[in-house]
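Text of the file final.pdb, holding PDB, C-alpha atoms and all ligand atoms:
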ATOM      1  CA  MET A 192    -126.125 -92.320-174.744  1.00  0.00           C
ATOM      2  CA  SER A 193    -126.405 -90.414-171.475  1.00  0.00           C
ATOM      3  CA  LEU A 194    -125.335 -92.204-168.353  1.00  0.00           C
ATOM      4  CA  GLY A 195    -127.203 -91.865-165.075  1.00  0.00           C
ATOM      5  CA  THR A 196    -124.780 -92.076-162.192  1.00  0.00           C
ATOM      6  CA  ASP A 197    -125.572 -92.616-158.560  1.00  0.00           C
ATOM      7  CA  ARG A 198    -124.241 -90.440-155.769  1.00  0.00           C
ATOM      8  CA  THR A 199    -121.823 -93.046-154.481  1.00  0.00           C
ATOM      9  CA  GLY A 200    -119.761 -92.768-157.643  1.00  0.00           C
ATOM     10  CA  GLY A 201    -119.508 -94.423-160.997  1.00  0.00           C
ATOM     11  CA  ALA A 202    -122.504 -96.743-161.011  1.00  0.00           C
ATOM     12  CA  ASP A 203    -124.756 -96.607-164.051  1.00  0.00           C
ATOM     13  CA  THR A 204    -128.484 -96.682-163.353  1.00  0.00           C
ATOM     14  CA  THR A 205    -129.826 -96.420-166.905  1.00  0.00           C
ATOM     15  CA  LEU A 206    -130.379-100.148-167.504  1.00  0.00           C
ATOM     16  CA  SER A 207    -132.393-102.705-165.527  1.00  0.00           C
ATOM     17  CA  PHE A 208    -129.504-103.475-163.121  1.00  0.00           C
ATOM     18  CA  VAL A 209    -127.328-100.893-161.405  1.00  0.00           C
ATOM     19  CA  HIS A 210    -123.960-101.633-162.974  1.00  0.00           C
ATOM     20  CA  ARG A 211    -120.581-100.402-164.069  1.00  0.00           C
ATOM     21  CA  PHE A 212    -119.435-100.516-167.653  1.00  0.00           C
ATOM     22  CA  LEU A 213    -115.851-100.135-168.820  1.00  0.00           C
ATOM     23  CA  PRO A 214    -115.348-100.092-172.579  1.00  0.00           C
ATOM     24  CA  ALA A 215    -112.847-102.333-174.340  1.00  0.00           C
ATOM     25  CA  ASP A 216    -109.490-100.840-175.113  1.00  0.00           C
ATOM     26  CA  LYS A 217    -108.253-103.698-177.289  1.00  0.00           C
ATOM     27  CA  THR A 218    -109.938-105.767-179.911  1.00  0.00           C
ATOM     28  CA  GLY A 219    -110.050-109.533-179.813  1.00  0.00           C
ATOM     29  CA  ARG A 220    -110.768-109.963-176.120  1.00  0.00           C
ATOM     30  CA  PRO A 221    -114.285-111.058-175.130  1.00  0.00           C
ATOM     31  CA  PRO A 222    -116.501-108.767-173.059  1.00  0.00           C
ATOM     32  CA  LEU A 223    -116.754-109.989-169.465  1.00  0.00           C
ATOM     33  CA  LEU A 224    -119.904-110.087-167.352  1.00  0.00           C
ATOM     34  CA  LEU A 225    -118.627-109.748-163.783  1.00  0.00           C
ATOM     35  CA  LEU A 226    -120.846-111.299-161.096  1.00  0.00           C
ATOM     36  CA  HIS A 227    -119.924-110.611-157.482  1.00  0.00           C
ATOM     37  CA  GLY A 228    -120.386-112.776-154.389  1.00  0.00           C
ATOM     38  CA  THR A 229    -122.774-112.199-151.468  1.00  0.00           C
ATOM     39  CA  GLY A 230    -122.235-108.751-149.964  1.00  0.00           C
ATOM     40  CA  GLY A 231    -120.368-107.456-153.002  1.00  0.00           C
ATOM     41  CA  ASP A 232    -121.439-104.891-155.534  1.00  0.00           C
ATOM     42  CA  GLU A 233    -120.735-103.654-159.048  1.00  0.00           C
ATOM     43  CA  ASN A 234    -117.276-102.421-158.022  1.00  0.00           C
ATOM     44  CA  ASP A 235    -115.986-105.631-156.493  1.00  0.00           C
ATOM     45  CA  LEU A 236    -114.708-107.548-159.478  1.00  0.00           C
ATOM     46  CA  VAL A 237    -113.653-104.690-161.750  1.00  0.00           C
ATOM     47  CA  ASP A 238    -109.963-104.962-160.831  1.00  0.00           C
ATOM     48  CA  LEU A 239    -110.157-108.743-161.122  1.00  0.00           C
ATOM     49  CA  GLY A 240    -111.748-108.415-164.575  1.00  0.00           C
ATOM     50  CA  ARG A 241    -109.018-106.052-165.745  1.00  0.00           C
ATOM     51  CA  ALA A 242    -106.332-108.404-164.439  1.00  0.00           C
ATOM     52  CA  LEU A 243    -107.886-111.544-165.938  1.00  0.00           C
ATOM     53  CA  SER A 244    -108.492-110.147-169.405  1.00  0.00           C
ATOM     54  CA  PRO A 245    -106.698-106.844-170.031  1.00  0.00           C
ATOM     55  CA  GLY A 246    -108.533-104.738-172.599  1.00  0.00           C
ATOM     56  CA  SER A 247    -111.870-106.561-172.375  1.00  0.00           C
ATOM     57  CA  ALA A 248    -115.064-104.538-172.030  1.00  0.00           C
ATOM     58  CA  LEU A 249    -116.423-105.082-168.522  1.00  0.00           C
ATOM     59  CA  VAL A 250    -120.086-105.135-167.519  1.00  0.00           C
ATOM     60  CA  SER A 251    -120.551-105.476-163.783  1.00  0.00           C
ATOM     61  CA  PRO A 252    -124.113-105.514-162.396  1.00  0.00           C
ATOM     62  CA  ARG A 253    -125.128-105.366-158.748  1.00  0.00           C
ATOM     63  CA  GLY A 254    -127.338-108.224-157.521  1.00  0.00           C
ATOM     64  CA  LYS A 255    -130.897-107.079-156.752  1.00  0.00           C
ATOM     65  CA  VAL A 256    -131.646-109.311-153.787  1.00  0.00           C
ATOM     66  CA  LEU A 257    -130.717-108.069-150.320  1.00  0.00           C
ATOM     67  CA  GLU A 258    -129.899-110.492-147.499  1.00  0.00           C
ATOM     68  CA  GLY A 259    -129.453-108.507-144.299  1.00  0.00           C
ATOM     69  CA  GLY A 260    -128.463-105.549-146.478  1.00  0.00           C
ATOM     70  CA  MET A 261    -125.986-107.604-148.542  1.00  0.00           C
ATOM     71  CA  PRO A 262    -126.553-107.709-152.311  1.00  0.00           C
ATOM     72  CA  ARG A 263    -126.943-111.136-153.932  1.00  0.00           C
ATOM     73  CA  PHE A 264    -128.193-112.423-157.267  1.00  0.00           C
ATOM     74  CA  PHE A 265    -130.976-114.655-155.873  1.00  0.00           C
ATOM     75  CA  ARG A 266    -132.667-115.574-152.601  1.00  0.00           C
ATOM     76  CA  ARG A 267    -131.512-118.457-150.461  1.00  0.00           C
ATOM     77  CA  LEU A 268    -133.323-120.216-147.637  1.00  0.00           C
ATOM     78  CA  ALA A 269    -130.091-121.131-145.822  1.00  0.00           C
ATOM     79  CA  GLU A 270    -126.433-121.399-146.779  1.00  0.00           C
ATOM     80  CA  GLY A 271    -126.333-123.686-149.808  1.00  0.00           C
ATOM     81  CA  VAL A 272    -130.148-124.047-149.883  1.00  0.00           C
ATOM     82  CA  PHE A 273    -131.571-121.972-152.690  1.00  0.00           C
ATOM     83  CA  ASP A 274    -135.040-120.592-153.431  1.00  0.00           C
ATOM     84  CA  GLU A 275    -135.162-122.181-156.867  1.00  0.00           C
ATOM     85  CA  ASP A 276    -138.191-120.197-158.066  1.00  0.00           C
ATOM     86  CA  ASP A 277    -136.207-117.068-157.322  1.00  0.00           C
ATOM     87  CA  VAL A 278    -133.122-118.511-159.057  1.00  0.00           C
ATOM     88  CA  ARG A 279    -135.224-118.962-162.211  1.00  0.00           C
ATOM     89  CA  ARG A 280    -136.749-115.505-162.024  1.00  0.00           C
ATOM     90  CA  ARG A 281    -133.477-113.724-161.295  1.00  0.00           C
ATOM     91  CA  ALA A 282    -131.555-115.641-163.973  1.00  0.00           C
ATOM     92  CA  SER A 283    -134.182-114.541-166.481  1.00  0.00           C
ATOM     93  CA  GLU A 284    -133.882-110.886-165.353  1.00  0.00           C
ATOM     94  CA  LEU A 285    -130.114-111.087-165.632  1.00  0.00           C
ATOM     95  CA  ALA A 286    -130.345-112.630-169.109  1.00  0.00           C
ATOM     96  CA  ASP A 287    -132.552-109.700-170.166  1.00  0.00           C
ATOM     97  CA  PHE A 288    -130.030-107.270-168.697  1.00  0.00           C
ATOM     98  CA  VAL A 289    -127.254-108.890-170.757  1.00  0.00           C
ATOM     99  CA  THR A 290    -129.327-108.320-173.894  1.00  0.00           C
ATOM    100  CA  GLU A 291    -129.904-104.664-172.902  1.00  0.00           C
ATOM    101  CA  ALA A 292    -126.221-104.110-172.136  1.00  0.00           C
ATOM    102  CA  ARG A 293    -125.162-105.701-175.430  1.00  0.00           C
ATOM    103  CA  GLU A 294    -127.444-103.302-177.306  1.00  0.00           C
ATOM    104  CA  ALA A 295    -126.516-100.244-175.248  1.00  0.00           C
ATOM    105  CA  TYR A 296    -122.773-100.806-175.495  1.00  0.00           C
ATOM    106  CA  GLY A 297    -122.491-102.672-178.796  1.00  0.00           C
ATOM    107  CA  LEU A 298    -121.041-105.863-177.316  1.00  0.00           C
ATOM    108  CA  GLY A 299    -120.885-109.496-178.362  1.00  0.00           C
ATOM    109  CA  ALA A 300    -122.105-112.251-176.047  1.00  0.00           C
ATOM    110  CA  PRO A 301    -120.021-111.978-172.865  1.00  0.00           C
ATOM    111  CA  VAL A 302    -118.029-114.521-170.933  1.00  0.00           C
ATOM    112  CA  ALA A 303    -119.242-114.508-167.319  1.00  0.00           C
ATOM    113  CA  VAL A 304    -116.703-114.322-164.523  1.00  0.00           C
ATOM    114  CA  GLY A 305    -118.608-115.146-161.356  1.00  0.00           C
ATOM    115  CA  PHE A 306    -117.479-115.670-157.789  1.00  0.00           C
ATOM    116  CA  SER A 307    -119.514-117.677-155.259  1.00  0.00           C
ATOM    117  CA  ASN A 308    -123.122-116.433-155.474  1.00  0.00           C
ATOM    118  CA  GLY A 309    -122.180-114.747-158.761  1.00  0.00           C
ATOM    119  CA  ALA A 310    -120.800-118.037-160.101  1.00  0.00           C
ATOM    120  CA  ASN A 311    -124.013-119.769-159.078  1.00  0.00           C
ATOM    121  CA  ILE A 312    -126.231-117.322-160.975  1.00  0.00           C
ATOM    122  CA  ALA A 313    -123.890-117.633-163.976  1.00  0.00           C
ATOM    123  CA  ALA A 314    -124.337-121.422-163.897  1.00  0.00           C
ATOM    124  CA  ALA A 315    -128.124-120.951-163.666  1.00  0.00           C
ATOM    125  CA  LEU A 316    -128.031-118.498-166.565  1.00  0.00           C
ATOM    126  CA  MET A 317    -126.215-121.039-168.725  1.00  0.00           C
ATOM    127  CA  LEU A 318    -128.627-123.846-167.892  1.00  0.00           C
ATOM    128  CA  LEU A 319    -131.801-121.739-168.208  1.00  0.00           C
ATOM    129  CA  ARG A 320    -130.914-119.349-171.026  1.00  0.00           C
ATOM    130  CA  PRO A 321    -128.237-121.046-173.161  1.00  0.00           C
ATOM    131  CA  GLY A 322    -126.678-118.721-175.727  1.00  0.00           C
ATOM    132  CA  VAL A 323    -126.751-115.616-173.524  1.00  0.00           C
ATOM    133  CA  LEU A 324    -123.181-116.256-172.376  1.00  0.00           C
ATOM    134  CA  SER A 325    -120.392-117.249-174.742  1.00  0.00           C
ATOM    135  CA  GLY A 326    -118.548-118.934-171.879  1.00  0.00           C
ATOM    136  CA  ALA A 327    -117.980-118.743-168.142  1.00  0.00           C
ATOM    137  CA  VAL A 328    -115.318-118.743-165.471  1.00  0.00           C
ATOM    138  CA  LEU A 329    -117.075-120.129-162.397  1.00  0.00           C
ATOM    139  CA  LEU A 330    -115.133-119.507-159.201  1.00  0.00           C
ATOM    140  CA  ARG A 331    -116.379-121.682-156.284  1.00  0.00           C
ATOM    141  CA  ALA A 332    -119.703-122.468-157.973  1.00  0.00           C
ATOM    142  CA  MET A 333    -122.263-125.014-156.856  1.00  0.00           C
ATOM    143  CA  VAL A 334    -125.380-126.598-158.388  1.00  0.00           C
ATOM    144  CA  PRO A 335    -127.959-123.783-158.643  1.00  0.00           C
ATOM    145  CA  LEU A 336    -130.994-125.916-159.556  1.00  0.00           C
ATOM    146  CA  ALA A 337    -131.665-129.526-158.545  1.00  0.00           C
ATOM    147  CA  LYS A 338    -133.412-130.324-161.834  1.00  0.00           C
ATOM    148  CA  PRO A 339    -132.510-127.837-164.546  1.00  0.00           C
ATOM    149  CA  PRO A 340    -134.222-128.034-167.932  1.00  0.00           C
ATOM    150  CA  VAL A 341    -132.400-129.781-170.761  1.00  0.00           C
ATOM    151  CA  ALA A 342    -130.127-127.086-172.174  1.00  0.00           C
ATOM    152  CA  ASP A 343    -128.075-127.031-175.354  1.00  0.00           C
ATOM    153  CA  LEU A 344    -124.679-125.616-174.441  1.00  0.00           C
ATOM    154  CA  ALA A 345    -122.886-127.337-177.331  1.00  0.00           C
ATOM    155  CA  GLY A 346    -119.273-126.204-177.388  1.00  0.00           C
ATOM    156  CA  THR A 347    -119.692-123.468-174.742  1.00  0.00           C
ATOM    157  CA  PRO A 348    -116.418-123.248-172.805  1.00  0.00           C
ATOM    158  CA  VAL A 349    -116.551-123.288-169.012  1.00  0.00           C
ATOM    159  CA  LEU A 350    -113.718-123.083-166.504  1.00  0.00           C
ATOM    160  CA  LEU A 351    -114.884-124.284-163.076  1.00  0.00           C
ATOM    161  CA  LEU A 352    -112.415-123.690-160.255  1.00  0.00           C
ATOM    162  CA  SER A 353    -113.218-125.307-156.915  1.00  0.00           C
ATOM    163  CA  GLY A 354    -111.435-125.261-153.555  1.00  0.00           C
ATOM    164  CA  ALA A 355    -110.470-128.585-151.960  1.00  0.00           C
ATOM    165  CA  MET A 356    -111.023-127.048-148.494  1.00  0.00           C
ATOM    166  CA  ASP A 357    -114.119-125.039-149.393  1.00  0.00           C
ATOM    167  CA  PRO A 358    -116.495-125.200-146.386  1.00  0.00           C
ATOM    168  CA  ILE A 359    -119.437-123.979-148.503  1.00  0.00           C
ATOM    169  CA  VAL A 360    -119.190-126.108-151.657  1.00  0.00           C
ATOM    170  CA  PRO A 361    -118.786-129.885-151.122  1.00  0.00           C
ATOM    171  CA  ALA A 362    -116.592-131.624-153.726  1.00  0.00           C
ATOM    172  CA  GLU A 363    -119.507-133.839-154.756  1.00  0.00           C
ATOM    173  CA  ASN A 364    -121.650-130.757-155.475  1.00  0.00           C
ATOM    174  CA  ALA A 365    -119.006-129.090-157.656  1.00  0.00           C
ATOM    175  CA  ALA A 366    -118.489-132.364-159.547  1.00  0.00           C
ATOM    176  CA  ARG A 367    -122.260-132.615-160.087  1.00  0.00           C
ATOM    177  CA  LEU A 368    -122.327-129.098-161.551  1.00  0.00           C
ATOM    178  CA  ALA A 369    -119.432-129.953-163.887  1.00  0.00           C
ATOM    179  CA  GLY A 370    -121.379-133.050-164.989  1.00  0.00           C
ATOM    180  CA  MET A 371    -124.599-131.083-165.564  1.00  0.00           C
ATOM    181  CA  LEU A 372    -122.820-128.550-167.766  1.00  0.00           C
ATOM    182  CA  ALA A 373    -120.876-131.233-169.656  1.00  0.00           C
ATOM    183  CA  ASN A 374    -124.066-133.253-170.239  1.00  0.00           C
ATOM    184  CA  ALA A 375    -125.580-130.142-171.817  1.00  0.00           C
ATOM    185  CA  GLY A 376    -122.628-130.065-174.233  1.00  0.00           C
ATOM    186  CA  ALA A 377    -120.392-127.462-172.554  1.00  0.00           C
ATOM    187  CA  VAL A 378    -116.628-127.933-172.803  1.00  0.00           C
ATOM    188  CA  VAL A 379    -115.867-128.014-169.093  1.00  0.00           C
ATOM    189  CA  ASP A 380    -112.410-127.693-167.577  1.00  0.00           C
ATOM    190  CA  HIS A 381    -112.889-128.439-163.863  1.00  0.00           C
ATOM    191  CA  ARG A 382    -109.924-127.982-161.527  1.00  0.00           C
ATOM    192  CA  THR A 383    -109.849-128.374-157.760  1.00  0.00           C
ATOM    193  CA  LEU A 384    -107.222-126.183-156.118  1.00  0.00           C
ATOM    194  CA  PRO A 385    -105.641-126.398-152.659  1.00  0.00           C
ATOM    195  CA  ALA A 386    -107.782-123.498-151.431  1.00  0.00           C
ATOM    196  CA  GLY A 387    -110.896-122.684-149.459  1.00  0.00           C
ATOM    197  CA  HIS A 388    -113.875-120.576-150.611  1.00  0.00           C
ATOM    198  CA  GLY A 389    -111.627-117.552-151.124  1.00  0.00           C
ATOM    199  CA  LEU A 390    -109.612-117.093-154.277  1.00  0.00           C
ATOM    200  CA  SER A 391    -105.936-117.956-154.506  1.00  0.00           C
ATOM    201  CA  GLN A 392    -103.137-116.924-156.845  1.00  0.00           C
ATOM    202  CA  ALA A 393    -103.668-120.228-158.689  1.00  0.00           C
ATOM    203  CA  ASP A 394    -107.251-119.162-159.505  1.00  0.00           C
ATOM    204  CA  LEU A 395    -105.988-115.961-161.059  1.00  0.00           C
ATOM    205  CA  SER A 396    -103.277-117.678-163.103  1.00  0.00           C
ATOM    206  CA  LEU A 397    -105.576-120.422-164.380  1.00  0.00           C
ATOM    207  CA  ALA A 398    -108.412-118.022-165.222  1.00  0.00           C
ATOM    208  CA  THR A 399    -106.049-115.606-166.990  1.00  0.00           C
ATOM    209  CA  GLY A 400    -104.536-118.384-169.104  1.00  0.00           C
ATOM    210  CA  TRP A 401    -107.934-119.881-169.899  1.00  0.00           C
ATOM    211  CA  LEU A 402    -109.425-116.531-170.963  1.00  0.00           C
ATOM    212  CA  ALA A 403    -106.438-115.804-173.208  1.00  0.00           C
ATOM    213  CA  LYS A 404    -106.971-118.993-175.218  1.00  0.00           C
ATOM    214  CA  ARG A 405    -110.389-120.276-174.306  1.00  0.00           C
ATOM    215  CA  PRO A 406    -111.839-122.927-176.605  1.00  0.00           C
ATOM    216  CA  GLY A 407    -114.970-122.230-178.686  1.00  0.00           C
TER     217      GLY A 407
HETATM  218  C1  LIG A 501    -124.872-118.923-152.484  1.00  0.00           C
HETATM  219  O1  LIG A 501    -125.675-118.627-151.629  1.00  0.00           O
HETATM  220  O2  LIG A 501    -124.961-118.615-153.681  1.00  0.00           O
HETATM  221  C2  LIG A 501    -123.699-119.736-152.020  1.00  0.00           C
HETATM  222  O3  LIG A 501    -123.967-120.304-150.783  1.00  0.00           O
HETATM  223  C3  LIG A 501    -122.454-118.939-151.992  1.00  0.00           C
HETATM  224  C4  LIG A 501    -122.569-117.770-151.057  1.00  0.00           C
HETATM  225  O4  LIG A 501    -123.053-116.738-151.470  1.00  0.00           O
HETATM  226  O5  LIG A 501    -122.151-117.880-149.903  1.00  0.00           O
END

If you took the structure in this file and wrote it as structure tokens, what would it be?
Amino acid sequence: MSLGTDRTGGADTTLSFVHRFLPADKTGRPPLLLLHGTGGDENDLVDLGRALSPGSALVSPRGKVLEGGMPRFFRRLAEGVFDEDDVRRRASELADFVTEAREAYGLGAPVAVGFSNGANIAAALMLLRPGVLSGAVLLRAMVPLAKPPVADLAGTPVLLLSGAMDPIVPAENAARLAGMLANAGAVVDHRTLPAGHGLSQADLSLATGWLAKRPG
């Protein structure tokens, strides 16, 4: 297929999200759906994706919502207060993009690797459109929807990594998200690290190990 590229280099504009795609160079590793944090873009997590799962195909979309010029995956009303109608709409758009990308690039269902806002949309995607993701690494995620629908995530593996000193995600909120996903049947491994909202070396080691032998 022909790739449309933007003038800032490397981004693909042929599908419903501006994104980057890097093909797999080894078999047996899952494709990763990389979801950046607020103010990031499709380039942000590419190096992280390569480091976490060498050889995996990488699909890295850019969030469509702008907050003061900063890309995000859904609208928020204040820090930690989400526009839940927009969360639902944007999660549905992202689910459709995953289907498009799978067809365009011949991929299996991806494992999401999301950071912050990207982890929150990944959690919403799992709860609203189960089956689109084959698993998720959620880095500093919080509850994206107060009352999500009953989802069937039976056996879907999730690694949730929280920071004990995270000023954005209270411990209670992260624990509630872990409970929501587990109640839907996901196999949740929730660890709280001695870190803030930013990632630490421990995040990278745990996520790399988990991706290499994830359950499910
Ligand atoms: C969000 O808005 O998704 C969370 O507050 C994380 C962030 O982007 O700061």

Since I can't run it myself right now, could you work out what the PyMOL selection byres (((chain A and resi 291-297) around 12) and not hetatm) selects here and report it as a VMD selection string?
chain A and resid 192 to 194 203 to 215 222 to 224 248 to 252 284 to 290 298 to 301 323 to 324

Check which residues of chain A sit at most 10 Å from ligand LIG 501 (chain A) using all atoms listed in the file, and return one row each with the closest pair of atoms and their distance in Å to one decimal, ordered by chain and rising number, as a tab-separated table.
residue	atom	partner	partner_atom	distance
A:His227	CA	A:LIG501	O4	9.1
A:Gly228	CA	A:LIG501	O4	5.6
A:Thr229	CA	A:LIG501	O4	4.5
A:Gly230	CA	A:LIG501	O4	8.2
A:Gly231	CA	A:LIG501	O4	9.8
A:Pro262	CA	A:LIG501	O4	9.7
A:Arg263	CA	A:LIG501	O4	7.3
A:Phe264	CA	A:LIG501	O2	7.9
A:Phe265	CA	A:LIG501	O2	7.5
A:Arg266	CA	A:LIG501	O1	7.7
A:Arg267	CA	A:LIG501	O1	6.0
A:Leu268	CA	A:LIG501	O1	8.8
A:Ala269	CA	A:LIG501	O1	7.7
A:Glu270	CA	A:LIG501	O3	4.8
A:Gly271	CA	A:LIG501	O3	4.2
A:Val272	CA	A:LIG501	O1	7.2
A:Phe273	CA	A:LIG501	O1	6.9
A:Asp274	CA	A:LIG501	O1	9.7
A:Val278	CA	A:LIG501	O2	9.8
A:Phe306	CA	A:LIG501	C3	8.3
A:Ser307	CA	A:LIG501	C3	4.6
A:Asn308	CA	A:LIG501	O2	3.4
A:Gly309	CA	A:LIG501	O2	7.0
A:Ala310	CA	A:LIG501	O2	7.7
A:Asn311	CA	A:LIG501	O2	5.6
A:Ile312	CA	A:LIG501	O2	7.5
A:Arg331	CA	A:LIG501	C3	7.9
A:Ala332	CA	A:LIG501	C3	7.5
A:Met333	CA	A:LIG501	C2	7.3
A:Val334	CA	A:LIG501	O2	9.3
A:Pro335	CA	A:LIG501	O2	7.8
A:Pro358	CA	A:LIG501	O5	9.9
A:Ile359	CA	A:LIG501	O3	6.3
A:Val360	CA	A:LIG501	O3	7.6
A:His388	CA	A:LIG501	O5	8.7

Pick out the closest residue to Ala303 of chain A from this set: A:Gly322, A:Pro361, A:Gly376, A:Gly246. Count only C-alpha atoms.
A:Gly322

What's the 7 Å shell around Ala355 of chain A, counting only C-alpha atoms, without same-chain residues fewer than 4 positions away, as a ChimeraX atom specification?
/A:383-387

Given only C-alpha atoms as the counted atoms, nearest of A:Leu372, A:Asp357, A:Ala337, A:Ala362 to Pro321 of chain A
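That would be A:Leu372, the residue with the smallest distance to Pro321 of chain A.
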
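Residues lying within 9 Å of Leu397 of chain A, counting all atoms listed in the file and ignoring same-chain neighbours fewer than 5 positions away, are Leu350, Leu352, Gln392 and Leu402 of chain A.
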
Selection above as a file: C-alpha atoms, as a PDB file, keeping the file's coordinate frame:
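Full text of part.pdb as output:
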ATOM      1  CA  LEU A 350    -113.718-123.083-166.504  1.00  0.00           C
ATOM      2  CA  LEU A 352    -112.415-123.690-160.255  1.00  0.00           C
ATOM      3  CA  GLN A 392    -103.137-116.924-156.845  1.00  0.00           C
ATOM      4  CA  LEU A 402    -109.425-116.531-170.963  1.00  0.00           C
TER       5      LEU A 402
END

Which distance in Å separates atom CA of Arg382 of chain A and atom CA of Trp401 of chain A, to one decimal?
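Straight-line distance from atom CA of Arg382 of chain A to atom CA of Trp401 of chain A works out to 11.8 Å.
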
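Here atom CA of Leu236 of chain A and atom CA of Ala373 of chain A stand 26.5 Å from one another.
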
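The smallest atom-to-atom distance between Leu316 of chain A and any of A:Leu226, A:Leu243, A:Leu257, A:Met356, using only C-alpha atoms, is found for A:Leu226.
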
What does the distance between atom CA of Leu330 of chain A and atom CA of Ala369 of chain A come to in Å, to one decimal place?
12.2 Å

When you count all atoms listed in the file, which of these residues is closest to Val379 of chain A: A:Val349, A:Glu363, A:Gly201, A:Thr218?
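Among A:Val349, A:Glu363, A:Gly201, A:Thr218, it is A:Val349 that comes nearest to Val379 of chain A.
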
When distances are computed from only C-alpha atoms, which of A:Ala342, A:Leu368, A:Ala313, A:Ala398 shows the smallest separation from Ser283 of chain A?
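Smallest distance to Ser283 of chain A is found for A:Ala313.
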
For Leu336 of chain A, which residue among A:Asn364, A:Ser396, A:Ser353, A:Ser244 is the nearest when counting only C-alpha atoms?
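For Leu336 of chain A, the nearest of the candidates is A:Asn364.
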
Taking 4 positions as the minimum chain separation for residues in the same chain, which residues sit within 8 Å of Ala345 of chain A when counting only C-alpha atoms? Answer as an MDAnalysis selection string.
chainID A and resid 375:378

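The residue set within 9 Å of Pro340 of chain A, counting all atoms listed in the file and dropping same-chain residues fewer than 2 places from it, reads A:Leu318, A:Leu319, A:Lys338, A:Ala342.
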